[in-house]
Amino acid sequence: MATVPTIKLNHGGVEIPVIGYGLGTAHFKRAGDETLDPAITTATQTALTVGFTHLDGAEAYGNEPELGLALSSSSSSPKTPRSSLFITTKLYKSISSPSEALSTSLKKLGVDYVDLYLIHAPFWDEKEKGITIEQAWGELEGLYEKGLVKAIGVSNFGVEELERIRKVARVLPAVNQVEYHPYLQNPELKEYHNKHGIVTAAYGPLIPITKGAPGPLDSVIEDLSKKYNKSATQILLRWAVDDGNVVITTSSKEWRMKEALAITEFKLEDEDVEKIRTVGKEKRHRVFWNKEYKE
Ligand SMILES: NC(=O)c1ccc[n+]([C@@H]2O[C@H](COP(=O)([O-])OP(=O)(O)OC[C@H]3O[C@@H](n4cnc5c(N)ncnc54)[C@H](OP(=O)(O)O)[C@@H]3O)[C@@H](O)[C@H]2O)c1
């Protein structure tokens with residue numbers, strides 16, 4: 001089974017595997033839907049069995065119980081010990097009460113701690129929710145300092161919101177999970193992350209060959225697929241890692257899960273990483289949180 005490299009986070013030596021399996025998008029359940037969906041548990045068990053150790057969940061995905069079942073089930077064989085897993089969850093709807101939100105998530109997941117706890121997005125109405133970004137971050141710092149989570153971070157934050165946190169923070173975010181792929185590179189944000197030791201976790205890595213296709217990268221990806229004898233999916237996932245990010249992907253299919261993990265077996269040459277970066281900048285395509293980003 002592939003050994004997935006890790007990146008050290010700026011929080012207590014915690015290490016995050018460079019590729020994670022996502023419980024969002026395809027596995028998303030509508031809010032309030034309490035019926036357990038066995039397909040989600042089965043897919044997650046398969047992901048664990050083929051070798052994913054990094055699992056990306058969220059309160060908003062409505063499927064923490066399914067993720068919990070997959071984690072506890074003996075049919076994910078051989079069973080991965082908790083200490084070898086990296087579990088992320090996120091809060092958003094319950095942003096007014098992070099401590100209760102975390103207790104609820106831990107109960108649903110059936111674990112004593114999560115490795116990474118993220119504020120899912122910065123777009124809530126601060127008056128309506130009765131909590132500012134600075135206060136919410138302070139609450140997460142409290143959870144981290146009590147040892148209830150191994151690391152804390154944010155998702156979908158821009159430089160402006162990260163600066164609000166930096167001005168009051170005792171601990172800076174370890175991770176900012178954002179939509180990031182060749183058609184959405186945001187160099188200003190990346191530079192900020194690099195300057196402050198924040199790891200970029202890239203979601204939507206396959207958008208150039210899924211919702212963002214066709215585009216200027218099509219022939220480049222085709223040529224690189226031939227050069228490395230790897231699929232277009234693998235070229236894009238590998239690009240995300242060779243560009244210095246953690247990559248979050250998902251699939252309901254075992255062969256695609258294996259294909260994704262097999263990116264640990266090769267590496268793109270620097271000039272090819274740069275080529276994808278350069279040609280990717282010819283198109284801009286955002287898929288998630290479009291309304292909130294107002295672009
Ligand atoms: N923080 C946030 O706000 C946020 C937002 C979005 C996503 N995320 C996280 O990131 C994870 C991954 O997001 P994503 O779904 O955008 O990831 P992705 O890796 O870009 O896309 C995976 C999806 O594309 C499909 N796919 C894969 N290869 C394909 C191909 N060659 N042609 C057509 N379809 C293909 C897969 O379907 P199959 O099942 O058929 O393989 C799967 O549904 C989510 O699950 C979630 O954990 C976070």
# chains A, B, ... in the order shown; residues from 1 in each chain; ligands from 1
$ residues_near_ligand --ligand "ligand 1" --cutoff "6 Å" --atoms "only C-alpha atoms and all ligand atoms" --output "VMD selection string"
chain A and resid 22 to 26 56 to 57 120 155 177 203 to 207 210 248 to 253 256
$ residues_around --residues "Ile131 (chain A)" --least-positions-apart "3" --cutoff "12 Å" --atoms "only C-alpha atoms" --output "PyMOL selection string"
chain A and resi 92+94-98+122-128+134-139
$ closest_residue --among "A:His27, A:Lys150, A:His285, A:Lys167" --to "Asn10 (chain A)" --atoms "only C-alpha atoms"
A:Lys150
$ residues_around --residues "Ile198 (chain A)" --least-positions-apart "4" --cutoff "7 Å" --atoms "only C-alpha atoms" --output "PyMOL selection string"
chain A and resi 173-176+193-194
$ write_last_selection --atoms "C-alpha atoms" --output "PDB file, in the first residue's frame"
ATOM      1  CA  PRO A 173      -4.240  28.968  11.442  1.00  0.00           C
ATOM      2  CA  ALA A 174      -2.296  25.818  10.526  1.00  0.00           C
ATOM      3  CA  VAL A 175      -4.269  25.347   7.294  1.00  0.00           C
ATOM      4  CA  ASN A 176      -6.494  27.315   4.932  1.00  0.00           C
ATOM      5  CA  HIS A 193       0.157  31.445   3.380  1.00  0.00           C
ATOM      6  CA  ASN A 194       3.854  30.862   2.675  1.00  0.00           C
TER       7      ASN A 194
END
$ residues_around --residues "Thr104 (chain A)" --least-positions-apart "3" --cutoff "12 Å" --atoms "only C-alpha atoms" --output "number ranges by chain"
A: 58-59, 62, 64-65, 89-91, 94, 97-101, 107-113
$ residues_around --residues "region 236-245 of chain A" --least-positions-apart "2" --cutoff "9 Å" --atoms "only C-alpha atoms" --output "PDB file with C-alpha atoms, in the first residue's frame"
ATOM      1  CA  ILE A   7       3.647  18.097   5.705  1.00  0.00           C
ATOM      2  CA  VAL A  18      -0.552  15.367   1.434  1.00  0.00           C
ATOM      3  CA  ILE A  19      -3.637  13.692  -0.022  1.00  0.00           C
ATOM      4  CA  TYR A 180      -7.304  25.731  -5.690  1.00  0.00           C
ATOM      5  CA  HIS A 181      -6.411  24.328  -9.108  1.00  0.00           C
ATOM      6  CA  PRO A 182      -4.626  25.617 -12.225  1.00  0.00           C
ATOM      7  CA  VAL A 199      -0.536  25.144   4.636  1.00  0.00           C
ATOM      8  CA  THR A 200      -2.795  25.451   1.572  1.00  0.00           C
ATOM      9  CA  ALA A 201      -5.223  22.525   1.316  1.00  0.00           C
ATOM     10  CA  ALA A 202      -6.510  22.480  -2.263  1.00  0.00           C
ATOM     11  CA  PRO A 205      -8.220  19.774  -7.876  1.00  0.00           C
ATOM     12  CA  LEU A 206      -9.828  18.038 -10.866  1.00  0.00           C
ATOM     13  CA  PRO A 208      -9.776  21.596 -15.142  1.00  0.00           C
ATOM     14  CA  ILE A 209     -10.907  18.169 -16.449  1.00  0.00           C
ATOM     15  CA  ILE A 221      -2.447  17.649 -19.732  1.00  0.00           C
ATOM     16  CA  SER A 231      -3.913   9.668 -16.267  1.00  0.00           C
ATOM     17  CA  ALA A 232      -5.112  13.276 -16.517  1.00  0.00           C
ATOM     18  CA  THR A 233      -6.472  12.894 -12.955  1.00  0.00           C
ATOM     19  CA  GLN A 234      -3.040  11.866 -11.679  1.00  0.00           C
ATOM     20  CA  VAL A 247      -4.763  18.003  -2.010  1.00  0.00           C
ATOM     21  CA  ILE A 248      -8.334  16.972  -1.114  1.00  0.00           C
ATOM     22  CA  THR A 249     -10.114  14.802  -3.642  1.00  0.00           C
ATOM     23  CA  ALA A 260      -5.422   9.045  -6.698  1.00  0.00           C
ATOM     24  CA  ILE A 263       0.364   9.807  -7.294  1.00  0.00           C
ATOM     25  CA  THR A 264       2.819   9.028  -4.497  1.00  0.00           C
ATOM     26  CA  PHE A 266       5.856   9.748  -9.311  1.00  0.00           C
ATOM     27  CA  LYS A 267       6.673  13.432  -9.377  1.00  0.00           C
ATOM     28  CA  LEU A 268       6.391  16.128 -12.046  1.00  0.00           C
ATOM     29  CA  GLU A 269       9.563  17.845 -13.195  1.00  0.00           C
ATOM     30  CA  ASP A 270       9.786  21.499 -12.131  1.00  0.00           C
ATOM     31  CA  ASP A 272       6.110  20.794 -16.062  1.00  0.00           C
ATOM     32  CA  VAL A 273       4.767  22.174 -12.768  1.00  0.00           C
ATOM     33  CA  GLU A 274       5.575  25.643 -14.112  1.00  0.00           C
ATOM     34  CA  ILE A 276       0.678  23.951 -15.898  1.00  0.00           C
ATOM     35  CA  ARG A 277       0.900  27.040 -13.668  1.00  0.00           C
TER      36      ARG A 277
END
$ residues_around --residues "Phe157 (chain A)" --least-positions-apart "3" --cutoff "8 Å" --atoms "only C-alpha atoms" --output "PyMOL selection string"
chain A and resi 121-122+154+160-162+176+178
$ write_last_selection --atoms "C-alpha atoms" --output "short mmCIF file (atom, residue, chain, number, x, y, z; two decimals), in the first residue's frame"
data_model
loop_
_atom_site.label_atom_id
_atom_site.label_comp_id
_atom_site.auth_asym_id
_atom_site.auth_seq_id
_atom_site.Cartn_x
_atom_site.Cartn_y
_atom_site.Cartn_z
CA ALA A 121 -16.03 29.71 5.65
CA PRO A 122 -15.88 33.37 6.73
CA VAL A 154 -9.83 27.90 8.39
CA GLU A 160 -8.39 40.19 4.48
CA GLU A 161 -10.00 37.68 6.87
CA LEU A 162 -6.66 36.02 7.64
CA ASN A 176 -6.49 27.31 4.93
CA VAL A 178 -9.56 26.65 -0.41
#
$ atom_distance --atom1 "CA of Phe28 (chain A)" --atom2 "CA of Ile40 (chain A)"
9.0 Å
$ select_by_dssp --residues "region 27-128 of chain A" --states "strand (DSSP E)" --output "list in words"
His54, Leu55, Asp56, Phe86, Ile87, Thr88, Thr89, Lys90, Leu91, Leu116, Tyr117, Leu118 and Ile119 of chain A
$ write_last_selection --atoms "C-alpha atoms" --output "mmCIF file, in the first residue's frame"
data_model
loop_
_atom_site.group_PDB
_atom_site.id
_atom_site.type_symbol
_atom_site.label_atom_id
_atom_site.label_comp_id
_atom_site.auth_asym_id
_atom_site.auth_seq_id
_atom_site.Cartn_x
_atom_site.Cartn_y
_atom_site.Cartn_z
ATOM 1 C CA HIS A 54 -6.617 11.571 5.793
ATOM 2 C CA LEU A 55 -10.390 12.121 5.836
ATOM 3 C CA ASP A 56 -11.983 15.491 5.251
ATOM 4 C CA PHE A 86 -5.841 12.266 10.188
ATOM 5 C CA ILE A 87 -9.444 13.385 10.673
ATOM 6 C CA THR A 88 -10.639 16.872 9.802
ATOM 7 C CA THR A 89 -14.032 18.331 10.508
ATOM 8 C CA LYS A 90 -15.364 21.867 10.115
ATOM 9 C CA LEU A 91 -17.971 24.078 11.736
ATOM 10 C CA LEU A 116 -7.798 19.392 12.413
ATOM 11 C CA TYR A 117 -10.776 21.626 13.196
ATOM 12 C CA LEU A 118 -11.627 24.276 10.601
ATOM 13 C CA ILE A 119 -13.952 27.249 10.382
#
$ select_by_dssp --residues "region 11-134 of chain A" --states "alpha helix (DSSP H)" --output "PyMOL selection string"
chain A and resi 38-50+64-72+98-109+126-129+133-134
